[in-house]
Amino acid sequence: MNLGAHADFIVAAYAVAIALTVALIAWVALDYRAQRRILLELEQQGITRRSQREEKP
Amino acid sequence: MSFIDLANPTRFLALVQRLLPWLAAATVLAFAAGLAMAFNAPDDYQQGATVKIMFLHVPAAWLSMFGWALMSMAALGTLVWRHPLADVAAKAAAPIGAAFTLMCLVTGSLWGRPMWGAFWVWDARLTSVLVLFLMYLGLMALYWTTEDPARASRAAAILTLVGAINLPVIKFSVDWWNTLHQPASVIRLGAPAIHPAILTPLLVMALAFALLFLTLHLAAMRNEILRRRVRTLQLMKADNA
């Protein structure tokens with residue numbers, strides 16, 4: 001594929017778009033893992049929401 | 001499940017867990033198709049191969065404005081209807097909207113250098129999009145620095161609605177002022193001014209980016225609901241101590 005005389009600008013634009021997309025996906029995935037881990041730790045300490053306590057027999 | 005059921009965060013979480021894998025798969029497929037079409041599209045008769053930057057720049061620009069419009073609707077949900085998920089939706093959209101605005105600014109700059117001879121000019125369109133980016137950062141700072149989520153949500157909602165004034169300014173800046181930026185080519189009165197050989201890949205890339213935005217937004221909303229649960233439990237723990 002011939003990107004012409006301005007290939008550097010085209011490649012840089014796609015590299016920036018990919019980097020930002022990967023950063024967004026990583027932020028969402030890592031944040032999810034962190035919140036799940038903290039919730040699990042709190043529940044293991046016996047601290048649960050009222051609705052969760054009501055579900056237990 | 002009716003629309004009103006989604007006001008319940010637990011039901012919303014269950015729906016998001018079911019939807020996310022399908023949305024992620026649709027996003028990957030749309031990007032595969034869009035990129036294949038973009039790199040097989042003909043060069044522009046004036047701009048040459050640099051027109052390929054448009055397939056990133058234009059969808060990012062649309063979504064940067066869509067992000068703020070979405071937050072404005074959520075702000076109304078917070079202030080008028082006090083919908084439990086409205087503030088969650090607004091807070092989750094801010095970093096994603098900021099990232100798309102940054103993508104629009106950087107790709108536009110990289111397109112501007114070979115076409116205009118400058119990475120940046122203080123043109124009405126560029127400046128109003130830079131203002132949008134700064135507003136996103138300001139809103140994120142407000143959320144992060146206000147400890148009480150209820151106070152943060154009201155202040156953020158008001159700031160968002162005030163900031164929405166910038167959306168028509170961005171859209172019509174190329175009509176209201178003499179700008180270096182080209183006028184609207186797709187969303188305009190009359191038919192699009194772009195040849196179908198370039199317009200079709202652009203629309204497929206726009207669909208792919210929109211699916212990416214939707215997927216990330218739903219995942220970020222899920223994370224925000226979990227974060228608020230964590231906060232509630234930590235407050236309960238502190239009360240019991």
# chains A, B, ... in the order shown; residues from 1 in each chain; ligands from 1

$ select_by_dssp --residues "chain A" --states "helix (DSSP H, G or I)" --output "VMD selection string"
chain A and resid 4 to 44 50 to 55

$ interface_residues --of "chain B" --to "chain A" --cutoff "6 Å" --atoms "only C-alpha atoms" --output "VMD selection string"
chain B and resid 49 53 107 110 220 223 227 230

$ closest_residue --among "B:Pro95, B:Pro114, B:Gly67, B:Pro201" --to "Gly48 of chain B" --atoms "only C-alpha atoms"
B:Pro114

$ atom_distance --atom1 "atom CA of Asp44 of chain B" --atom2 "atom CA of Pro59 of chain B"
18.1 Å

$ atom_distance --atom1 "atom CA of Val204 of chain B" --atom2 "atom CA of Phe31 of chain B"
7.9 Å

$ residues_around --residues "segment 165-179 of chain B" --least-positions-apart "2" --cutoff "6 Å" --atoms "only C-alpha atoms" --output "ChimeraX atom specification"
/B:123-125,128,163,181,183

$ write_last_selection --atoms "N, CA and C atoms" --output "PDB file, in the first residue's frame"
ATOM      1  N   ASP B 123      -8.347  28.812  14.831  1.00  0.00           N
ATOM      2  CA  ASP B 123      -9.525  28.848  13.974  1.00  0.00           C
ATOM      3  C   ASP B 123     -10.747  28.576  14.867  1.00  0.00           C
ATOM      4  N   ALA B 124     -11.918  29.095  14.493  1.00  0.00           N
ATOM      5  CA  ALA B 124     -13.107  28.960  15.359  1.00  0.00           C
ATOM      6  C   ALA B 124     -13.449  27.500  15.642  1.00  0.00           C
ATOM      7  N   ARG B 125     -13.357  26.622  14.629  1.00  0.00           N
ATOM      8  CA  ARG B 125     -13.704  25.221  14.836  1.00  0.00           C
ATOM      9  C   ARG B 125     -12.698  24.556  15.779  1.00  0.00           C
ATOM     10  N   SER B 128     -13.054  25.964  19.398  1.00  0.00           N
ATOM     11  CA  SER B 128     -14.252  25.532  20.122  1.00  0.00           C
ATOM     12  C   SER B 128     -14.155  24.063  20.517  1.00  0.00           C
ATOM     13  N   GLY B 163     -22.343  24.084  29.571  1.00  0.00           N
ATOM     14  CA  GLY B 163     -21.349  23.753  28.546  1.00  0.00           C
ATOM     15  C   GLY B 163     -21.960  23.314  27.228  1.00  0.00           C
ATOM     16  N   HIS B 181     -10.845  25.615   8.576  1.00  0.00           N
ATOM     17  CA  HIS B 181     -11.471  24.289   8.575  1.00  0.00           C
ATOM     18  C   HIS B 181     -12.552  24.239   7.505  1.00  0.00           C
ATOM     19  N   PRO B 183     -16.085  23.383   5.559  1.00  0.00           N
ATOM     20  CA  PRO B 183     -17.467  23.308   6.058  1.00  0.00           C
ATOM     21  C   PRO B 183     -17.954  21.868   6.120  1.00  0.00           C
TER      22      PRO B 183
END

$ closest_residue --among "B:Leu216, B:Ala60, B:Ala197, B:Ala7" --to "Trp81 of chain B" --atoms "only C-alpha atoms"
B:Ala7

$ residues_around --residues "Leu212 of chain B" --least-positions-apart "2" --cutoff "10 Å" --atoms "only C-alpha atoms" --output "PDB file with all heavy atoms, in the first residue's frame"
ATOM      1  N   THR A  21      -7.521   4.168  22.129  1.00  0.00           N
ATOM      2  CA  THR A  21      -8.532   3.108  22.250  1.00  0.00           C
ATOM      3  C   THR A  21      -8.070   2.050  23.238  1.00  0.00           C
ATOM      4  O   THR A  21      -8.841   1.629  24.118  1.00  0.00           O
ATOM      5  CB  THR A  21      -8.805   2.472  20.864  1.00  0.00           C
ATOM      6  OG1 THR A  21      -9.189   3.516  19.965  1.00  0.00           O
ATOM      7  CG2 THR A  21      -9.898   1.435  20.921  1.00  0.00           C
ATOM      8  N   LEU A  24      -8.325   3.359  26.780  1.00  0.00           N
ATOM      9  CA  LEU A  24      -9.705   3.363  27.284  1.00  0.00           C
ATOM     10  C   LEU A  24     -10.142   1.956  27.700  1.00  0.00           C
ATOM     11  O   LEU A  24     -10.745   1.778  28.765  1.00  0.00           O
ATOM     12  CB  LEU A  24     -10.655   3.885  26.190  1.00  0.00           C
ATOM     13  CG  LEU A  24     -10.821   5.396  26.057  1.00  0.00           C
ATOM     14  CD1 LEU A  24     -11.684   5.725  24.846  1.00  0.00           C
ATOM     15  CD2 LEU A  24     -11.446   5.991  27.308  1.00  0.00           C
ATOM     16  N   ILE A  25      -9.827   0.964  26.850  1.00  0.00           N
ATOM     17  CA  ILE A  25     -10.214  -0.421  27.156  1.00  0.00           C
ATOM     18  C   ILE A  25      -9.502  -0.880  28.437  1.00  0.00           C
ATOM     19  O   ILE A  25     -10.114  -1.488  29.321  1.00  0.00           O
ATOM     20  CB  ILE A  25      -9.903  -1.355  25.961  1.00  0.00           C
ATOM     21  CG1 ILE A  25     -10.801  -0.999  24.766  1.00  0.00           C
ATOM     22  CG2 ILE A  25     -10.093  -2.820  26.343  1.00  0.00           C
ATOM     23  CD1 ILE A  25     -10.399  -1.649  23.451  1.00  0.00           C
TER      24      ILE A  25
ATOM     25  N   LEU B  23     -21.886  -6.682  22.177  1.00  0.00           N
ATOM     26  CA  LEU B  23     -21.469  -5.362  21.691  1.00  0.00           C
ATOM     27  C   LEU B  23     -19.978  -5.345  21.349  1.00  0.00           C
ATOM     28  O   LEU B  23     -19.570  -4.749  20.346  1.00  0.00           O
ATOM     29  CB  LEU B  23     -21.757  -4.296  22.761  1.00  0.00           C
ATOM     30  CG  LEU B  23     -23.195  -3.800  22.818  1.00  0.00           C
ATOM     31  CD1 LEU B  23     -23.398  -2.917  24.042  1.00  0.00           C
ATOM     32  CD2 LEU B  23     -23.551  -3.031  21.554  1.00  0.00           C
ATOM     33  N   ALA B  24     -19.172  -6.009  22.177  1.00  0.00           N
ATOM     34  CA  ALA B  24     -17.725  -6.055  21.919  1.00  0.00           C
ATOM     35  C   ALA B  24     -17.459  -6.773  20.594  1.00  0.00           C
ATOM     36  O   ALA B  24     -16.637  -6.312  19.781  1.00  0.00           O
ATOM     37  CB  ALA B  24     -17.012  -6.749  23.069  1.00  0.00           C
ATOM     38  N   ALA B  26     -19.559  -7.087  18.051  1.00  0.00           N
ATOM     39  CA  ALA B  26     -20.041  -6.234  16.949  1.00  0.00           C
ATOM     40  C   ALA B  26     -19.049  -5.103  16.670  1.00  0.00           C
ATOM     41  O   ALA B  26     -18.815  -4.738  15.509  1.00  0.00           O
ATOM     42  CB  ALA B  26     -21.413  -5.658  17.307  1.00  0.00           C
ATOM     43  N   THR B  27     -18.427  -4.575  17.732  1.00  0.00           N
ATOM     44  CA  THR B  27     -17.438  -3.499  17.564  1.00  0.00           C
ATOM     45  C   THR B  27     -16.232  -3.998  16.779  1.00  0.00           C
ATOM     46  O   THR B  27     -15.764  -3.331  15.839  1.00  0.00           O
ATOM     47  CB  THR B  27     -16.980  -2.980  18.947  1.00  0.00           C
ATOM     48  OG1 THR B  27     -18.130  -2.576  19.689  1.00  0.00           O
ATOM     49  CG2 THR B  27     -16.026  -1.812  18.826  1.00  0.00           C
ATOM     50  N   VAL B  28     -15.729  -5.186  17.149  1.00  0.00           N
ATOM     51  CA  VAL B  28     -14.554  -5.748  16.462  1.00  0.00           C
ATOM     52  C   VAL B  28     -14.872  -5.985  14.986  1.00  0.00           C
ATOM     53  O   VAL B  28     -14.073  -5.636  14.095  1.00  0.00           O
ATOM     54  CB  VAL B  28     -14.101  -7.056  17.155  1.00  0.00           C
ATOM     55  CG1 VAL B  28     -13.050  -7.784  16.326  1.00  0.00           C
ATOM     56  CG2 VAL B  28     -13.560  -6.755  18.548  1.00  0.00           C
ATOM     57  N   ALA B  30     -17.187  -4.505  13.142  1.00  0.00           N
ATOM     58  CA  ALA B  30     -17.368  -3.221  12.443  1.00  0.00           C
ATOM     59  C   ALA B  30     -16.018  -2.568  12.155  1.00  0.00           C
ATOM     60  O   ALA B  30     -15.812  -2.013  11.070  1.00  0.00           O
ATOM     61  CB  ALA B  30     -18.249  -2.289  13.282  1.00  0.00           C
ATOM     62  N   PHE B  31     -15.080  -2.651  13.107  1.00  0.00           N
ATOM     63  CA  PHE B  31     -13.752  -2.092  12.867  1.00  0.00           C
ATOM     64  C   PHE B  31     -13.012  -2.860  11.770  1.00  0.00           C
ATOM     65  O   PHE B  31     -12.324  -2.255  10.936  1.00  0.00           O
ATOM     66  CB  PHE B  31     -12.907  -2.079  14.150  1.00  0.00           C
ATOM     67  CG  PHE B  31     -13.021  -0.779  14.900  1.00  0.00           C
ATOM     68  CD1 PHE B  31     -13.613  -0.733  16.151  1.00  0.00           C
ATOM     69  CD2 PHE B  31     -12.550   0.406  14.354  1.00  0.00           C
ATOM     70  CE1 PHE B  31     -13.739   0.470  16.832  1.00  0.00           C
ATOM     71  CE2 PHE B  31     -12.669   1.612  15.031  1.00  0.00           C
ATOM     72  CZ  PHE B  31     -13.267   1.644  16.272  1.00  0.00           C
ATOM     73  N   ILE B  96     -14.591   9.069  28.473  1.00  0.00           N
ATOM     74  CA  ILE B  96     -14.670   8.521  27.110  1.00  0.00           C
ATOM     75  C   ILE B  96     -14.819   9.671  26.107  1.00  0.00           C
ATOM     76  O   ILE B  96     -14.142   9.709  25.077  1.00  0.00           O
ATOM     77  CB  ILE B  96     -15.846   7.516  26.998  1.00  0.00           C
ATOM     78  CG1 ILE B  96     -15.679   6.404  28.047  1.00  0.00           C
ATOM     79  CG2 ILE B  96     -15.927   6.916  25.610  1.00  0.00           C
ATOM     80  CD1 ILE B  96     -16.916   5.546  28.235  1.00  0.00           C
ATOM     81  N   ALA B 206     -17.574   5.210  11.322  1.00  0.00           N
ATOM     82  CA  ALA B 206     -18.370   5.944  12.318  1.00  0.00           C
ATOM     83  C   ALA B 206     -19.216   4.968  13.135  1.00  0.00           C
ATOM     84  O   ALA B 206     -19.342   5.109  14.358  1.00  0.00           O
ATOM     85  CB  ALA B 206     -19.250   6.984  11.633  1.00  0.00           C
ATOM     86  N   LEU B 207     -19.789   3.947  12.455  1.00  0.00           N
ATOM     87  CA  LEU B 207     -20.569   2.923  13.159  1.00  0.00           C
ATOM     88  C   LEU B 207     -19.669   2.169  14.140  1.00  0.00           C
ATOM     89  O   LEU B 207     -20.060   1.917  15.294  1.00  0.00           O
ATOM     90  CB  LEU B 207     -21.196   1.954  12.148  1.00  0.00           C
ATOM     91  CG  LEU B 207     -21.903   0.738  12.749  1.00  0.00           C
ATOM     92  CD1 LEU B 207     -23.182   1.151  13.463  1.00  0.00           C
ATOM     93  CD2 LEU B 207     -22.230  -0.301  11.666  1.00  0.00           C
ATOM     94  N   ALA B 208     -18.450   1.816  13.694  1.00  0.00           N
ATOM     95  CA  ALA B 208     -17.520   1.079  14.557  1.00  0.00           C
ATOM     96  C   ALA B 208     -17.160   1.904  15.795  1.00  0.00           C
ATOM     97  O   ALA B 208     -17.180   1.391  16.923  1.00  0.00           O
ATOM     98  CB  ALA B 208     -16.257   0.718  13.771  1.00  0.00           C
ATOM     99  N   PHE B 209     -16.852   3.182  15.591  1.00  0.00           N
ATOM    100  CA  PHE B 209     -16.501   4.042  16.731  1.00  0.00           C
ATOM    101  C   PHE B 209     -17.713   4.236  17.658  1.00  0.00           C
ATOM    102  O   PHE B 209     -17.558   4.300  18.878  1.00  0.00           O
ATOM    103  CB  PHE B 209     -15.972   5.394  16.250  1.00  0.00           C
ATOM    104  CG  PHE B 209     -14.487   5.399  15.984  1.00  0.00           C
ATOM    105  CD1 PHE B 209     -13.994   5.478  14.696  1.00  0.00           C
ATOM    106  CD2 PHE B 209     -13.570   5.315  17.022  1.00  0.00           C
ATOM    107  CE1 PHE B 209     -12.621   5.482  14.441  1.00  0.00           C
ATOM    108  CE2 PHE B 209     -12.203   5.319  16.786  1.00  0.00           C
ATOM    109  CZ  PHE B 209     -11.722   5.403  15.481  1.00  0.00           C
ATOM    110  N   ALA B 210     -18.915   4.340  17.075  1.00  0.00           N
ATOM    111  CA  ALA B 210     -20.117   4.501  17.904  1.00  0.00           C
ATOM    112  C   ALA B 210     -20.342   3.257  18.759  1.00  0.00           C
ATOM    113  O   ALA B 210     -20.688   3.360  19.941  1.00  0.00           O
ATOM    114  CB  ALA B 210     -21.330   4.771  17.013  1.00  0.00           C
ATOM    115  N   LEU B 214     -20.367   3.031  22.812  1.00  0.00           N
ATOM    116  CA  LEU B 214     -21.476   2.418  23.553  1.00  0.00           C
ATOM    117  C   LEU B 214     -20.961   1.308  24.476  1.00  0.00           C
ATOM    118  O   LEU B 214     -21.348   1.228  25.651  1.00  0.00           O
ATOM    119  CB  LEU B 214     -22.501   1.870  22.559  1.00  0.00           C
ATOM    120  CG  LEU B 214     -23.734   1.182  23.138  1.00  0.00           C
ATOM    121  CD1 LEU B 214     -24.566   2.162  23.943  1.00  0.00           C
ATOM    122  CD2 LEU B 214     -24.587   0.587  22.015  1.00  0.00           C
ATOM    123  N   THR B 215     -20.072   0.458  23.945  1.00  0.00           N
ATOM    124  CA  THR B 215     -19.536  -0.656  24.740  1.00  0.00           C
ATOM    125  C   THR B 215     -18.766  -0.124  25.950  1.00  0.00           C
ATOM    126  O   THR B 215     -18.970  -0.575  27.085  1.00  0.00           O
ATOM    127  CB  THR B 215     -18.586  -1.514  23.859  1.00  0.00           C
ATOM    128  OG1 THR B 215     -19.280  -1.873  22.666  1.00  0.00           O
ATOM    129  CG2 THR B 215     -18.147  -2.769  24.578  1.00  0.00           C
ATOM    130  N   LEU B 216     -17.872   0.844  25.694  1.00  0.00           N
ATOM    131  CA  LEU B 216     -17.073   1.399  26.789  1.00  0.00           C
ATOM    132  C   LEU B 216     -17.951   2.127  27.801  1.00  0.00           C
ATOM    133  O   LEU B 216     -17.714   2.046  29.010  1.00  0.00           O
ATOM    134  CB  LEU B 216     -16.018   2.369  26.230  1.00  0.00           C
ATOM    135  CG  LEU B 216     -14.864   1.738  25.460  1.00  0.00           C
ATOM    136  CD1 LEU B 216     -14.057   2.804  24.735  1.00  0.00           C
ATOM    137  CD2 LEU B 216     -13.958   0.943  26.397  1.00  0.00           C
ATOM    138  N   HIS B 217     -18.971   2.810  27.300  1.00  0.00           N
ATOM    139  CA  HIS B 217     -19.842   3.562  28.207  1.00  0.00           C
ATOM    140  C   HIS B 217     -20.623   2.634  29.130  1.00  0.00           C
ATOM    141  O   HIS B 217     -20.712   2.860  30.334  1.00  0.00           O
ATOM    142  CB  HIS B 217     -20.787   4.457  27.395  1.00  0.00           C
ATOM    143  CG  HIS B 217     -21.592   5.389  28.253  1.00  0.00           C
ATOM    144  ND1 HIS B 217     -22.942   5.560  28.103  1.00  0.00           N
ATOM    145  CD2 HIS B 217     -21.225   6.190  29.287  1.00  0.00           C
ATOM    146  CE1 HIS B 217     -23.365   6.424  29.015  1.00  0.00           C
ATOM    147  NE2 HIS B 217     -22.354   6.822  29.736  1.00  0.00           N
TER     148      HIS B 217
END

$ atom_distance --atom1 "atom CA of Arg18 of chain B" --atom2 "atom CA of Thr101 of chain B"
29.0 Å

$ residues_around --residues "Leu218 of chain B" --least-positions-apart "5" --cutoff "9 Å" --atoms "only C-alpha atoms" --output "list in words"
Val16, Leu19, Leu20, Ala89, Ala92, Phe213 and Asn223 of chain B

$ write_last_selection --atoms "N, CA and C atoms" --output "CSV table (one decimal), in the first residue's frame"
chain,number,residue,atom,x,y,z
B,16,VAL,N,-26.4,-5.3,31.4
B,16,VAL,CA,-25.1,-4.9,30.8
B,16,VAL,C,-24.2,-6.2,30.7
B,19,LEU,N,-25.3,-7.9,27.6
B,19,LEU,CA,-25.1,-7.2,26.3
B,19,LEU,C,-23.6,-7.0,25.9
B,20,LEU,N,-22.7,-6.8,27.0
B,20,LEU,CA,-21.3,-6.5,26.7
B,20,LEU,C,-20.6,-7.4,25.7
B,89,ALA,N,-24.5,7.6,34.4
B,89,ALA,CA,-24.3,7.7,32.9
B,89,ALA,C,-23.4,8.9,32.6
B,92,ALA,N,-19.7,8.4,33.8
B,92,ALA,CA,-19.0,7.4,33.0
B,92,ALA,C,-18.7,7.9,31.6
B,213,PHE,N,-17.9,3.4,21.6
B,213,PHE,CA,-18.3,4.3,22.6
B,213,PHE,C,-19.4,3.7,23.5
B,223,ASN,N,-18.9,-0.2,36.1
B,223,ASN,CA,-17.8,0.1,37.1
B,223,ASN,C,-18.3,1.2,38.1

$ decode --residues "segment 27-38 of chain A" --atoms "all heavy atoms" --output "tab-separated table (two decimals), in the first residue's frame"
chain	number	residue	atom	x	y	z
A	27	TRP	N	-8.34	1.00	30.89
A	27	TRP	CA	-8.90	1.74	32.04
A	27	TRP	C	-10.20	1.06	32.52
A	27	TRP	O	-10.37	0.80	33.73
A	27	TRP	CB	-9.17	3.19	31.65
A	27	TRP	CG	-10.09	3.91	32.58
A	27	TRP	CD1	-9.84	4.21	33.90
A	27	TRP	CD2	-11.42	4.38	32.30
A	27	TRP	NE1	-10.93	4.86	34.44
A	27	TRP	CE2	-11.91	4.98	33.49
A	27	TRP	CE3	-12.23	4.37	31.17
A	27	TRP	CZ2	-13.18	5.54	33.56
A	27	TRP	CZ3	-13.49	4.95	31.25
A	27	TRP	CH2	-13.94	5.51	32.42
A	28	VAL	N	-11.10	0.73	31.59
A	28	VAL	CA	-12.37	0.12	31.95
A	28	VAL	C	-12.15	-1.27	32.56
A	28	VAL	O	-12.73	-1.61	33.59
A	28	VAL	CB	-13.30	0.05	30.71
A	28	VAL	CG1	-14.46	-0.89	30.95
A	28	VAL	CG2	-13.83	1.43	30.35
A	29	ALA	N	-11.26	-2.05	31.96
A	29	ALA	CA	-11.03	-3.43	32.43
A	29	ALA	C	-10.35	-3.43	33.80
A	29	ALA	O	-10.76	-4.17	34.70
A	29	ALA	CB	-10.18	-4.19	31.41
A	30	LEU	N	-9.33	-2.58	33.99
A	30	LEU	CA	-8.61	-2.56	35.27
A	30	LEU	C	-9.50	-2.00	36.39
A	30	LEU	O	-9.46	-2.49	37.53
A	30	LEU	CB	-7.33	-1.73	35.14
A	30	LEU	CG	-6.25	-2.33	34.24
A	30	LEU	CD1	-5.09	-1.38	34.06
A	30	LEU	CD2	-5.77	-3.67	34.77
A	31	ASP	N	-10.31	-0.98	36.05
A	31	ASP	CA	-11.22	-0.41	37.05
A	31	ASP	C	-12.23	-1.46	37.50
A	31	ASP	O	-12.53	-1.57	38.69
A	31	ASP	CB	-11.92	0.81	36.42
A	31	ASP	CG	-12.68	1.62	37.46
A	31	ASP	OD1	-12.31	1.57	38.64
A	31	ASP	OD2	-13.65	2.31	37.08
A	32	TYR	N	-12.75	-2.25	36.55
A	32	TYR	CA	-13.72	-3.31	36.89
A	32	TYR	C	-13.09	-4.32	37.85
A	32	TYR	O	-13.68	-4.69	38.86
A	32	TYR	CB	-14.18	-4.00	35.60
A	32	TYR	CG	-15.18	-5.12	35.82
A	32	TYR	CD1	-16.40	-4.87	36.46
A	32	TYR	CD2	-14.91	-6.42	35.39
A	32	TYR	CE1	-17.31	-5.89	36.65
A	32	TYR	CE2	-15.83	-7.44	35.58
A	32	TYR	CZ	-17.03	-7.16	36.21
A	32	TYR	OH	-17.94	-8.17	36.42
A	33	ARG	N	-11.86	-4.73	37.52
A	33	ARG	CA	-11.17	-5.70	38.38
A	33	ARG	C	-10.96	-5.14	39.78
A	33	ARG	O	-11.17	-5.82	40.78
A	33	ARG	CB	-9.81	-6.08	37.77
A	33	ARG	CG	-9.88	-7.39	37.01
A	33	ARG	CD	-8.61	-7.75	36.32
A	33	ARG	NE	-7.44	-7.79	37.17
A	33	ARG	CZ	-6.23	-8.09	36.72
A	33	ARG	NH1	-6.07	-8.38	35.44
A	33	ARG	NH2	-5.19	-8.12	37.51
A	34	ALA	N	-10.57	-3.87	39.85
A	34	ALA	CA	-10.30	-3.24	41.15
A	34	ALA	C	-11.58	-3.15	41.99
A	34	ALA	O	-11.57	-3.51	43.18
A	34	ALA	CB	-9.71	-1.85	40.94
A	35	GLN	N	-12.68	-2.72	41.39
A	35	GLN	CA	-13.94	-2.59	42.15
A	35	GLN	C	-14.46	-3.95	42.62
A	35	GLN	O	-14.93	-4.08	43.74
A	35	GLN	CB	-15.02	-1.88	41.30
A	35	GLN	CG	-14.66	-0.47	40.84
A	35	GLN	CD	-14.19	0.43	41.96
A	35	GLN	OE1	-14.70	0.39	43.07
A	35	GLN	NE2	-13.18	1.25	41.69
A	36	ARG	N	-14.35	-4.95	41.74
A	36	ARG	CA	-14.79	-6.31	42.11
A	36	ARG	C	-13.97	-6.83	43.28
A	36	ARG	O	-14.50	-7.47	44.19
A	36	ARG	CB	-14.63	-7.26	40.91
A	36	ARG	CG	-15.60	-6.99	39.78
A	36	ARG	CD	-16.87	-7.70	39.94
A	36	ARG	NE	-16.69	-9.13	40.02
A	36	ARG	CZ	-17.69	-9.99	40.12
A	36	ARG	NH1	-18.92	-9.55	40.14
A	36	ARG	NH2	-17.48	-11.28	40.19
A	37	ARG	N	-12.65	-6.59	43.24
A	37	ARG	CA	-11.76	-7.08	44.30
A	37	ARG	C	-12.12	-6.43	45.64
A	37	ARG	O	-12.25	-7.11	46.65
A	37	ARG	CB	-10.31	-6.78	43.92
A	37	ARG	CG	-9.28	-7.31	44.90
A	37	ARG	CD	-7.85	-6.99	44.45
A	37	ARG	NE	-7.65	-5.58	44.12
A	37	ARG	CZ	-7.52	-4.61	45.02
A	37	ARG	NH1	-7.57	-4.88	46.30
A	37	ARG	NH2	-7.34	-3.36	44.62
A	38	ILE	N	-12.33	-5.11	45.64
A	38	ILE	CA	-12.65	-4.41	46.90
A	38	ILE	C	-14.01	-4.89	47.43
A	38	ILE	O	-14.16	-5.12	48.63
A	38	ILE	CB	-12.67	-2.87	46.69
A	38	ILE	CG1	-11.32	-2.39	46.16
A	38	ILE	CG2	-12.98	-2.16	48.00
A	38	ILE	CD1	-11.33	-0.95	45.66
